[in-house]
file input.csv (CSV, C-alpha atoms and all ligand atoms)
chain,number,residue,atom,x,y,z
A,1,MET,CA,0.0,0.0,0.0
A,2,HIS,CA,1.5,3.3,-1.0
A,3,LYS,CA,0.9,6.4,1.1
A,4,ILE,CA,-0.1,9.5,-0.8
A,5,LEU,CA,1.5,12.6,0.6
A,6,ASP,CA,-1.5,14.9,0.5
A,7,GLY,CA,-0.6,18.3,-0.8
A,8,VAL,CA,-4.2,19.5,-0.7
A,9,ALA,CA,-4.6,18.9,3.1
A,10,ILE,CA,-1.1,20.1,4.0
A,11,ALA,CA,-1.5,23.3,1.9
A,12,ALA,CA,-4.8,23.9,3.6
A,13,GLU,CA,-3.2,23.4,7.1
A,14,ILE,CA,-0.4,25.9,6.3
A,15,LYS,CA,-2.8,28.4,5.0
A,16,LEU,CA,-4.9,28.2,8.2
A,17,GLU,CA,-1.7,28.9,10.2
A,18,VAL,CA,-0.8,31.8,7.9
A,19,ALA,CA,-4.3,33.3,8.3
A,20,GLU,CA,-3.9,33.1,12.1
A,21,GLU,CA,-0.5,34.9,11.8
A,22,VAL,CA,-2.2,37.6,9.7
A,23,ARG,CA,-4.9,38.0,12.3
A,24,LEU,CA,-2.3,38.4,15.1
A,25,LEU,CA,-0.4,41.0,13.0
A,26,ALA,CA,-3.7,42.9,12.4
A,27,GLY,CA,-3.8,43.3,16.2
A,28,GLN,CA,-0.5,45.2,15.9
A,29,SER,CA,-1.9,47.2,13.0
A,30,VAL,CA,0.2,45.4,10.5
A,31,ARG,CA,-1.2,44.0,7.2
A,32,PRO,CA,1.3,42.0,5.2
A,33,GLY,CA,1.3,43.1,1.5
A,34,LEU,CA,2.4,41.3,-1.6
A,35,ALA,CA,3.1,42.9,-5.0
A,36,ALA,CA,2.9,40.4,-7.9
A,37,VAL,CA,4.4,41.5,-11.2
A,38,LEU,CA,3.3,39.7,-14.3
A,39,VAL,CA,4.7,40.7,-17.7
A,40,GLY,CA,3.1,39.7,-21.0
A,41,ASN,CA,0.5,37.0,-21.8
A,42,VAL,CA,2.0,33.6,-20.9
A,43,ALA,CA,-1.2,31.7,-20.0
A,44,ALA,CA,0.5,29.4,-17.4
A,45,SER,CA,2.1,32.4,-15.7
A,46,GLU,CA,-1.3,34.2,-15.6
A,47,ILE,CA,-2.9,31.2,-13.9
A,48,TYR,CA,-0.1,31.0,-11.3
A,49,VAL,CA,-0.2,34.7,-10.5
A,50,ARG,CA,-3.9,34.9,-10.2
A,51,SER,CA,-4.0,31.9,-7.8
A,52,LYS,CA,-1.4,33.7,-5.7
A,53,VAL,CA,-3.4,36.9,-5.6
A,54,GLN,CA,-6.6,35.1,-4.9
A,55,THR,CA,-4.9,33.2,-2.0
A,56,CYS,CA,-3.7,36.5,-0.5
A,57,ALA,CA,-7.4,37.7,-0.5
A,58,GLU,CA,-8.5,34.4,1.2
A,59,LEU,CA,-5.9,34.8,4.0
A,60,GLY,CA,-6.3,38.6,4.6
A,61,ILE,CA,-3.0,39.5,3.0
A,62,TYR,CA,-3.0,42.8,0.9
A,63,SER,CA,-2.0,42.2,-2.7
A,64,GLU,CA,-1.5,44.1,-5.8
A,65,LEU,CA,-1.2,42.7,-9.3
A,66,ILE,CA,0.9,44.8,-11.6
A,67,THR,CA,0.9,43.9,-15.3
A,68,PRO,CA,3.4,45.9,-17.3
A,69,PRO,CA,2.9,45.4,-21.1
A,70,ASP,CA,5.3,42.9,-22.8
A,71,THR,CA,7.0,45.9,-24.5
A,72,VAL,CA,8.4,46.9,-21.0
A,73,THR,CA,12.1,47.5,-20.8
A,74,THR,CA,14.6,46.4,-18.1
A,75,GLU,CA,14.9,50.0,-17.1
A,76,ASP,CA,11.1,50.4,-16.6
A,77,MET,CA,11.1,47.2,-14.6
A,78,LEU,CA,14.0,48.4,-12.4
A,79,ASP,CA,12.1,51.6,-11.8
A,80,LEU,CA,9.0,49.6,-10.8
A,81,ILE,CA,11.0,47.4,-8.4
A,82,ALA,CA,12.7,50.5,-6.8
A,83,SER,CA,9.2,52.0,-6.2
A,84,LEU,CA,8.0,48.8,-4.6
A,85,ASN,CA,11.2,48.5,-2.5
A,86,ASP,CA,10.4,52.0,-1.1
A,87,ARG,CA,6.7,51.3,-0.2
A,88,ASP,CA,6.0,50.5,3.4
A,89,ASP,CA,2.7,48.7,2.6
A,90,ILE,CA,4.5,46.1,0.4
A,91,ASP,CA,6.4,43.3,2.3
A,92,GLY,CA,6.9,40.9,-0.6
A,93,ILE,CA,7.7,41.4,-4.2
A,94,LEU,CA,7.2,38.6,-6.7
A,95,VAL,CA,8.2,38.8,-10.3
A,96,GLN,CA,6.6,35.9,-12.1
A,97,LEU,CA,9.1,34.0,-14.3
A,98,PRO,CA,9.9,33.5,-17.1
A,99,LEU,CA,10.2,37.1,-18.2
A,100,PRO,CA,10.5,38.0,-21.9
A,101,ALA,CA,14.0,37.2,-23.2
A,102,TYR,CA,14.9,40.9,-23.7
A,103,VAL,CA,14.4,41.7,-20.0
A,104,ASP,CA,17.4,41.1,-17.8
A,105,THR,CA,15.9,38.7,-15.3
A,106,LYS,CA,19.0,38.5,-13.1
A,107,ALA,CA,19.3,42.3,-12.8
A,108,LEU,CA,15.6,42.5,-11.7
A,109,LEU,CA,15.9,39.7,-9.2
A,110,ASP,CA,19.0,41.3,-7.7
A,111,ALA,CA,17.2,44.7,-7.5
A,112,ILE,CA,14.6,43.4,-5.1
A,113,LEU,CA,15.4,44.2,-1.5
A,114,PRO,CA,16.5,40.9,0.1
A,115,SER,CA,14.0,41.6,2.9
A,116,LYS,CA,11.1,41.7,0.4
A,117,ASP,CA,12.4,38.8,-1.7
A,118,VAL,CA,9.6,36.4,-1.0
A,119,ASP,CA,10.6,34.0,-3.7
A,120,GLY,CA,14.0,33.6,-2.0
A,121,PHE,CA,16.0,34.1,-5.3
A,122,HIS,CA,18.2,37.0,-4.3
A,123,PRO,CA,21.9,36.0,-3.8
A,124,VAL,CA,21.7,37.4,-0.2
A,125,ASN,CA,18.9,35.0,0.6
A,126,VAL,CA,20.6,32.2,-1.2
A,127,GLY,CA,23.8,32.8,0.9
A,128,ARG,CA,21.9,33.1,4.1
A,129,LEU,CA,20.0,29.9,3.4
A,130,GLN,CA,23.3,28.1,2.7
A,131,ALA,CA,24.9,29.5,5.9
A,132,GLY,CA,21.9,28.4,8.0
A,133,ARG,CA,20.9,31.9,8.9
A,134,PRO,CA,17.3,33.2,8.9
A,135,ALA,CA,16.3,33.7,5.3
A,136,LEU,CA,13.4,33.8,3.0
A,137,ALA,CA,13.7,30.3,1.4
A,138,PRO,CA,12.4,29.6,-2.1
A,139,CYS,CA,8.8,28.5,-1.9
A,140,THR,CA,8.8,25.2,-3.8
A,141,PRO,CA,11.8,23.7,-2.0
A,142,ALA,CA,10.4,25.0,1.3
A,143,GLY,CA,7.1,23.3,0.4
A,144,ILE,CA,8.9,20.0,-0.2
A,145,ILE,CA,10.3,20.1,3.4
A,146,GLU,CA,6.9,20.9,4.8
A,147,ILE,CA,5.1,18.1,3.0
A,148,LEU,CA,7.8,15.6,4.2
A,149,LYS,CA,7.8,16.9,7.8
A,150,ARG,CA,4.0,17.1,8.2
A,151,SER,CA,3.6,13.6,6.7
A,152,GLY,CA,6.0,12.2,9.2
A,153,VAL,CA,8.6,11.2,6.7
A,154,PRO,CA,12.0,11.0,8.5
A,155,MET,CA,14.8,13.0,6.8
A,156,ALA,CA,17.7,12.8,9.3
A,157,GLY,CA,20.2,10.1,8.2
A,158,GLN,CA,18.2,9.3,5.0
A,159,HIS,CA,19.8,9.3,1.6
A,160,ALA,CA,18.0,12.0,-0.3
A,161,VAL,CA,18.7,12.1,-4.1
A,162,VAL,CA,17.7,15.3,-5.9
A,163,VAL,CA,17.5,15.1,-9.6
A,164,GLY,CA,17.8,18.6,-11.0
A,165,ARG,CA,20.1,21.4,-9.9
A,166,SER,CA,18.2,24.6,-10.9
A,167,ASP,CA,18.6,27.7,-8.7
A,168,LEU,CA,14.8,27.7,-8.3
A,169,VAL,CA,14.2,24.1,-7.2
A,170,GLY,CA,17.0,21.5,-7.2
A,171,LYS,CA,19.8,23.4,-5.4
A,172,PRO,CA,17.8,24.9,-2.7
A,173,ALA,CA,15.8,21.7,-2.1
A,174,ALA,CA,19.2,19.9,-1.7
A,175,MET,CA,20.3,22.6,0.8
A,176,LEU,CA,17.1,22.4,2.8
A,177,LEU,CA,17.3,18.6,2.9
A,178,LEU,CA,20.9,18.9,4.2
A,179,HIS,CA,19.7,21.2,6.9
A,180,GLN,CA,17.3,18.4,7.9
A,181,ASN,CA,20.4,16.1,8.3
A,182,ALA,CA,19.7,14.0,5.2
A,183,THR,CA,22.7,12.7,3.3
A,184,VAL,CA,22.2,14.5,0.0
A,185,THR,CA,23.2,13.6,-3.6
A,186,ILE,CA,22.5,16.1,-6.4
A,187,CYS,CA,22.1,14.7,-10.0
A,188,HIS,CA,21.8,16.6,-13.3
A,189,SER,CA,22.0,16.0,-17.0
A,190,LYS,CA,25.7,15.1,-16.9
A,191,THR,CA,25.3,12.6,-14.2
A,192,ARG,CA,26.6,9.1,-15.2
A,193,ASP,CA,24.4,6.1,-14.6
A,194,LEU,CA,21.6,8.1,-13.0
A,195,GLY,CA,19.5,5.0,-12.2
A,196,ALA,CA,22.3,3.5,-10.1
A,197,ILE,CA,22.1,6.6,-7.9
A,198,THR,CA,18.4,7.2,-7.8
A,199,ARG,CA,18.0,3.5,-6.8
A,200,GLN,CA,19.9,4.4,-3.6
A,201,ALA,CA,17.5,7.1,-2.6
A,202,ASP,CA,15.4,6.8,0.5
A,203,ILE,CA,13.9,10.1,-0.6
A,204,LEU,CA,13.9,10.8,-4.3
A,205,VAL,CA,13.1,14.4,-5.4
A,206,ALA,CA,12.4,14.8,-9.1
A,207,ALA,CA,12.8,18.4,-10.4
A,208,ILE,CA,13.7,17.8,-14.0
A,209,GLY,CA,11.0,19.2,-16.3
A,210,ARG,CA,10.6,16.1,-18.4
A,211,PRO,CA,7.3,14.2,-18.4
A,212,GLY,CA,7.5,10.8,-16.6
A,213,PHE,CA,11.3,10.8,-16.7
A,214,ILE,CA,11.8,8.7,-13.5
A,215,THR,CA,10.8,5.1,-14.4
A,216,PRO,CA,10.0,2.3,-12.1
A,217,GLU,CA,13.4,0.7,-12.4
A,218,MET,CA,15.0,3.9,-11.1
A,219,VAL,CA,13.2,3.7,-7.8
A,220,LYS,CA,14.2,1.8,-4.7
A,221,PRO,CA,11.2,-0.2,-3.4
A,222,GLY,CA,9.6,1.6,-0.5
A,223,ALA,CA,11.3,5.0,-1.2
A,224,THR,CA,9.5,8.3,-0.7
A,225,ILE,CA,9.1,10.1,-4.0
A,226,VAL,CA,8.6,13.8,-4.2
A,227,ASP,CA,7.5,14.7,-7.8
A,228,VAL,CA,8.0,18.4,-8.4
A,229,GLY,CA,7.4,18.3,-12.1
A,230,ILE,CA,4.5,19.9,-13.9
A,231,ASN,CA,4.3,18.9,-17.5
A,232,ARG,CA,1.2,19.4,-19.6
A,233,LEU,CA,0.1,16.6,-22.0
A,234,ASN,CA,-1.8,18.1,-24.9
A,235,THR,CA,-2.0,15.3,-27.4
A,236,ARG,CA,-3.6,11.9,-27.4
A,237,GLU,CA,-0.3,10.2,-28.1
A,238,GLU,CA,1.3,11.9,-25.1
A,239,PHE,CA,-1.7,11.1,-22.9
A,240,ASP,CA,-1.6,7.4,-23.9
A,241,ARG,CA,2.1,7.1,-22.9
A,242,PHE,CA,1.1,7.7,-19.3
A,243,PHE,CA,-2.6,7.4,-18.7
A,244,ARG,CA,-4.1,5.0,-21.2
A,245,GLY,CA,-7.0,3.2,-19.5
A,246,ASN,CA,-7.0,5.5,-16.5
A,247,ALA,CA,-10.7,6.5,-16.3
A,248,LYS,CA,-10.3,9.5,-14.1
A,249,ARG,CA,-7.6,11.0,-16.3
A,250,GLU,CA,-9.6,10.1,-19.4
A,251,ALA,CA,-12.4,12.2,-18.0
A,252,THR,CA,-10.1,15.2,-17.4
A,253,PHE,CA,-8.5,14.9,-20.8
A,254,ALA,CA,-11.9,14.7,-22.5
A,255,LYS,CA,-13.1,17.8,-20.6
A,256,ARG,CA,-10.1,20.0,-20.8
A,257,GLY,CA,-8.2,18.6,-23.8
A,258,SER,CA,-5.1,18.2,-21.7
A,259,THR,CA,-3.9,16.9,-18.4
A,260,ILE,CA,-0.6,17.1,-16.4
A,261,VAL,CA,2.0,14.6,-15.4
A,262,GLY,CA,5.0,15.0,-13.2
A,263,ASP,CA,8.6,14.2,-13.8
A,264,VAL,CA,7.9,10.7,-12.4
A,265,HIS,CA,6.2,8.0,-14.5
A,266,PRO,CA,2.9,7.1,-12.8
A,267,LYS,CA,4.0,3.4,-12.7
A,268,ALA,CA,7.1,4.3,-10.7
A,269,PHE,CA,4.8,5.4,-7.8
A,270,GLU,CA,3.8,1.7,-7.5
A,271,ARG,CA,7.3,0.9,-6.1
A,272,ALA,CA,7.2,3.8,-3.7
A,273,GLY,CA,6.4,3.7,0.0
A,274,ALA,CA,5.0,7.2,-0.2
A,275,TYR,CA,4.8,9.8,-2.9
A,276,THR,CA,3.5,13.2,-3.8
A,277,PRO,CA,0.9,13.0,-6.6
A,278,VAL,CA,0.7,15.4,-9.6
A,279,PRO,CA,-1.6,17.3,-9.3
A,280,GLY,CA,-2.3,17.5,-5.6
A,281,GLY,CA,1.2,17.4,-4.3
A,282,VAL,CA,4.1,19.9,-4.2
A,283,GLY,CA,2.5,22.4,-6.5
A,284,LEU,CA,-0.1,23.5,-4.0
A,285,LEU,CA,2.6,23.9,-1.3
A,286,THR,CA,4.4,26.5,-3.4
A,287,VAL,CA,1.5,29.0,-3.1
A,288,ALA,CA,1.1,28.2,0.6
A,289,MET,CA,4.8,28.8,1.3
A,290,LEU,CA,4.7,32.1,-0.7
A,291,MET,CA,2.0,33.3,1.7
A,292,ALA,CA,4.1,32.1,4.7
A,293,ASN,CA,7.1,34.0,3.3
A,294,THR,CA,5.1,37.2,2.9
A,295,VAL,CA,4.0,37.1,6.5
A,296,HIS,CA,7.6,36.3,7.6
A,297,ALA,CA,8.9,39.2,5.5
A,298,ALA,CA,6.3,41.5,7.2
A,299,GLN,CA,7.5,40.2,10.6
A,300,MET,CA,11.2,40.4,9.9
A,301,ARG,CA,11.1,43.9,8.5
A,302,ARG,CA,9.4,45.2,11.6
A,303,ASP,CA,11.6,43.1,14.0
A,304,LEU,CA,8.6,41.2,15.1
A,305,PRO,CA,9.2,37.6,16.2
A,306,ARG,CA,8.9,35.1,13.4
A,307,ARG,CA,6.5,32.4,14.6
A,308,GLY,CA,5.1,29.2,13.3
A,309,LEU,CA,6.5,27.5,10.1
B,1,LIG,P1,15.1,23.6,-15.0
B,1,LIG,O1,14.9,23.3,-16.4
B,1,LIG,O2,15.6,24.9,-14.6
B,1,LIG,O3,16.1,22.5,-14.4
B,1,LIG,C1,16.0,21.1,-14.8
B,1,LIG,C2,17.1,20.3,-14.1
B,1,LIG,O4,16.9,19.0,-14.5
B,1,LIG,C3,18.5,20.8,-14.6
B,1,LIG,O5,19.3,20.9,-13.5
B,1,LIG,C4,18.9,19.7,-15.5
B,1,LIG,O6,20.3,19.4,-15.5
B,1,LIG,C5,18.2,18.5,-15.0
B,1,LIG,N1,18.0,17.5,-16.1
B,1,LIG,C6,17.5,17.8,-17.3
B,1,LIG,N2,17.5,16.6,-18.1
B,1,LIG,C7,18.1,15.7,-17.3
B,1,LIG,C8,18.4,14.3,-17.5
B,1,LIG,N3,18.2,13.7,-18.7
B,1,LIG,N4,19.0,13.7,-16.5
B,1,LIG,C9,19.3,14.3,-15.3
B,1,LIG,N5,19.0,15.6,-15.0
B,1,LIG,C10,18.4,16.3,-16.0
B,1,LIG,O7,13.7,23.2,-14.3
B,1,LIG,P2,13.1,23.7,-12.8
B,1,LIG,O8,14.0,23.3,-11.8
B,1,LIG,O9,12.7,25.1,-12.9
B,1,LIG,O10,11.8,22.8,-12.8
B,1,LIG,C11,11.8,21.4,-12.7
B,1,LIG,C12,10.4,20.9,-12.8
B,1,LIG,O11,9.7,21.4,-11.7
B,1,LIG,C13,9.6,21.4,-14.0
B,1,LIG,O12,8.7,20.3,-14.4
B,1,LIG,C14,8.8,22.5,-13.5
B,1,LIG,O13,7.6,22.7,-14.2
B,1,LIG,C15,8.5,22.1,-12.1
B,1,LIG,N6,8.3,23.2,-11.2
B,1,LIG,C16,7.2,23.0,-10.3
B,1,LIG,C17,6.9,23.9,-9.4
B,1,LIG,C18,5.8,23.7,-8.4
B,1,LIG,O14,5.3,24.6,-7.9
B,1,LIG,N7,5.5,22.4,-8.2
B,1,LIG,C19,7.7,25.2,-9.3
B,1,LIG,C20,8.9,25.2,-10.1
B,1,LIG,C21,9.1,24.2,-11.1
B,1,LIG,P3,21.4,20.5,-16.0
B,1,LIG,O15,21.5,21.5,-14.9
B,1,LIG,O16,22.6,19.7,-16.2
B,1,LIG,O17,20.9,21.1,-17.3
call {"tool": "encode", "arguments": {"input": "input.csv", "output": "structure tokens", "more": "lines below"}}
Ligand code: NDP
result
Amino acid sequence: MHKILDGVAIAAEIKLEVAEEVRLLAGQSVRPGLAAVLVGNVAASEIYVRSKVQTCAELGIYSELITPPDTVTTEDMLDLIASLNDRDDIDGILVQLPLPAYVDTKALLDAILPSKDVDGFHPVNVGRLQAGRPALAPCTPAGIIEILKRSGVPMAGQHAVVVGRSDLVGKPAAMLLLHQNATVTICHSKTRDLGAITRQADILVAAIGRPGFITPEMVKPGATIVDVGINRLNTREEFDRFFRGNAKREATFAKRGSTIVGDVHPKAFERAGAYTPVPGGVGLLTVAMLMANTVHAAQMRRDLPRRGL
């Protein structure tokens, strides 16, 4: 019997805790505020940002959605960030990625005040996280740790293998697992004999960006699998590769014309002791942790004690 690590329930639990923090801050006349900047018309980015703004409203966090046109220049964006840095009612600044290629993403992320960097991408926060100092940690990796902790999955002494070394997910996830005293191996596209390494994993984190990449033979029986991947399947052929004969998925595909699969092949979950499903796993934690980070940023900027999470 495989245990499903329930991202829906855990995200709901975290959001309740964040709402309680927001209520306590209101008693001190503080309302955390998030500015979300969305450039252009990338459909997926729009969906993500709107769900972030909507969640702010649910939890009592002030939010502002700023949508510069896709003709915006790096200079315009730097001016915008500078004005948000200066505003006292804004505790968190989120620039939805990816940005159009002609905008200097690194320059923008570096321009966000580290104390307002709720995505945890600023080099100062990256360094603080590495040094084990209080920091705003990237939301998806922080969500991975919360889902494992709250599901009672032990991390100390376990061999955690992270496949993927991006600055957004793989590297910070590995660092956070190390802080939990896991023994961590990081793999990437140049890793030799990947399967031999993933088969050693007690905890296998897949953050690759390739549909169903982790196959059953790459998994140690009984391992915990954290599937970070979100890959949309748009054609019947792609769908059949993973979900042929799966009635529930067939219904989704018929209704929406697409469905999503993670970086782990659905059959690989059958070898796991526990796993995060896609959808319904890590993805939901990302938004919940963004809310938590916004509240932490509000607390830290005012030298209020950081509580909870
Ligand atoms: P990136 O494309 O930035 O990084 C992918 C990583 O996977 C790279 O380190 C790359 O290695 C590695 N990789 C690629 N191919 C192979 C291979 N054949 N063997 C081993 N390693 C490989 O992706 P992200 O980290 O941004 O995202 C990863 C996944 O997570 C995506 O599916 C994305 O959609 C999803 N995601 C989900 C979020 C959520 O909220 N759940 C949030 C963010 C991302 P190399 O460095 O050598 O190129």
call {"tool": "residues_near_point", "arguments": {"input": "input.csv", "point": "(6.2, 11.6, -3.4)", "cutoff": "6 Å", "atoms": "only C-alpha atoms", "output": "count of residues only"}}
result
7
call {"tool": "closest_residue", "arguments": {"input": "input.csv", "among": "A:Glu238, A:Asp76, A:Asp119, A:Glu146", "to": "A:Glu13", "atoms": "all atoms listed in the file"}}
result
A:Glu146
call {"tool": "residues_near_ligand", "arguments": {"input": "input.csv", "ligand": "ligand LIG 1 (chain B)", "cutoff": "6 Å", "atoms": "all atoms listed in the file", "output": "PyMOL selection string"}}
result
chain A and resi 140+163-166+168-170+187-190+207-209+228-231+282-283+286
call {"tool": "residues_around", "arguments": {"input": "input.csv", "residues": "A:Glu64", "least_positions_apart": "6", "cutoff": "7 Å", "atoms": "all atoms listed in the file", "output": "ChimeraX atom specification"}}
result
/A:34-36
call {"tool": "atom_distance", "arguments": {"input": "input.csv", "atom1": "atom CA of A:Gly33", "atom2": "atom CA of A:Val18"}}
result
13.2 Å
call {"tool": "closest_residue", "arguments": {"input": "input.csv", "among": "A:Leu194, A:Thr105, A:Gln96, A:Ile10", "to": "A:Ile47", "atoms": "all atoms listed in the file"}}
result
A:Gln96
call {"tool": "closest_residue", "arguments": {"input": "input.csv", "among": "A:Val264, A:Leu24, A:Leu84, A:Met175", "to": "A:Thr215", "atoms": "only C-alpha atoms"}}
result
A:Val264
call {"tool": "decode", "arguments": {"input": "input.csv", "residues": "stretch 218-233 of chain A", "atoms": "N, CA, C and O atoms", "output": "short mmCIF file (atom, residue, chain, number, x, y, z; two decimals), in the first residue's frame"}}
result
data_model
loop_
_atom_site.label_atom_id
_atom_site.label_comp_id
_atom_site.auth_asym_id
_atom_site.auth_seq_id
_atom_site.Cartn_x
_atom_site.Cartn_y
_atom_site.Cartn_z
N MET A 218 14.10 2.91 -11.73
CA MET A 218 15.01 3.90 -11.13
C MET A 218 14.69 4.13 -9.65
O MET A 218 15.33 4.95 -8.99
N VAL A 219 13.68 3.42 -9.15
CA VAL A 219 13.20 3.69 -7.78
C VAL A 219 13.50 2.50 -6.87
O VAL A 219 13.26 1.35 -7.22
N LYS A 220 14.03 2.81 -5.68
CA LYS A 220 14.22 1.76 -4.68
C LYS A 220 12.85 1.41 -4.08
O LYS A 220 12.11 2.31 -3.68
N PRO A 221 12.50 0.13 -4.01
CA PRO A 221 11.19 -0.22 -3.44
C PRO A 221 11.04 0.38 -2.04
O PRO A 221 11.95 0.29 -1.22
N GLY A 222 9.90 1.02 -1.81
CA GLY A 222 9.63 1.59 -0.48
C GLY A 222 10.10 3.03 -0.32
O GLY A 222 9.86 3.65 0.72
N ALA A 223 10.77 3.58 -1.32
CA ALA A 223 11.28 4.96 -1.21
C ALA A 223 10.14 5.97 -1.15
O ALA A 223 9.01 5.68 -1.55
N THR A 224 10.47 7.15 -0.63
CA THR A 224 9.52 8.28 -0.70
C THR A 224 9.87 9.09 -1.93
O THR A 224 11.03 9.50 -2.10
N ILE A 225 8.88 9.33 -2.78
CA ILE A 225 9.14 10.11 -4.01
C ILE A 225 8.44 11.46 -3.91
O ILE A 225 7.25 11.53 -3.62
N VAL A 226 9.21 12.50 -4.14
CA VAL A 226 8.63 13.85 -4.23
C VAL A 226 8.73 14.27 -5.69
O VAL A 226 9.83 14.45 -6.23
N ASP A 227 7.58 14.39 -6.32
CA ASP A 227 7.54 14.73 -7.75
C ASP A 227 7.22 16.21 -7.90
O ASP A 227 6.08 16.64 -7.68
N VAL A 228 8.23 16.98 -8.28
CA VAL A 228 8.05 18.44 -8.40
C VAL A 228 7.53 18.81 -9.79
O VAL A 228 6.93 19.86 -9.98
N GLY A 229 7.72 17.95 -10.73
CA GLY A 229 7.45 18.29 -12.14
C GLY A 229 5.99 18.63 -12.43
O GLY A 229 5.07 18.06 -11.83
N ILE A 230 5.82 19.57 -13.34
CA ILE A 230 4.49 19.89 -13.85
C ILE A 230 4.63 19.96 -15.37
O ILE A 230 5.24 20.90 -15.90
N ASN A 231 4.15 18.95 -16.04
CA ASN A 231 4.27 18.90 -17.51
C ASN A 231 2.88 18.69 -18.10
O ASN A 231 2.18 17.76 -17.71
N ARG A 232 2.52 19.54 -19.03
CA ARG A 232 1.19 19.43 -19.62
C ARG A 232 1.21 18.48 -20.82
O ARG A 232 2.11 18.56 -21.66
N LEU A 233 0.25 17.57 -20.85
CA LEU A 233 0.11 16.64 -21.98
C LEU A 233 -1.04 17.11 -22.83
O LEU A 233 -2.19 17.15 -22.35
#
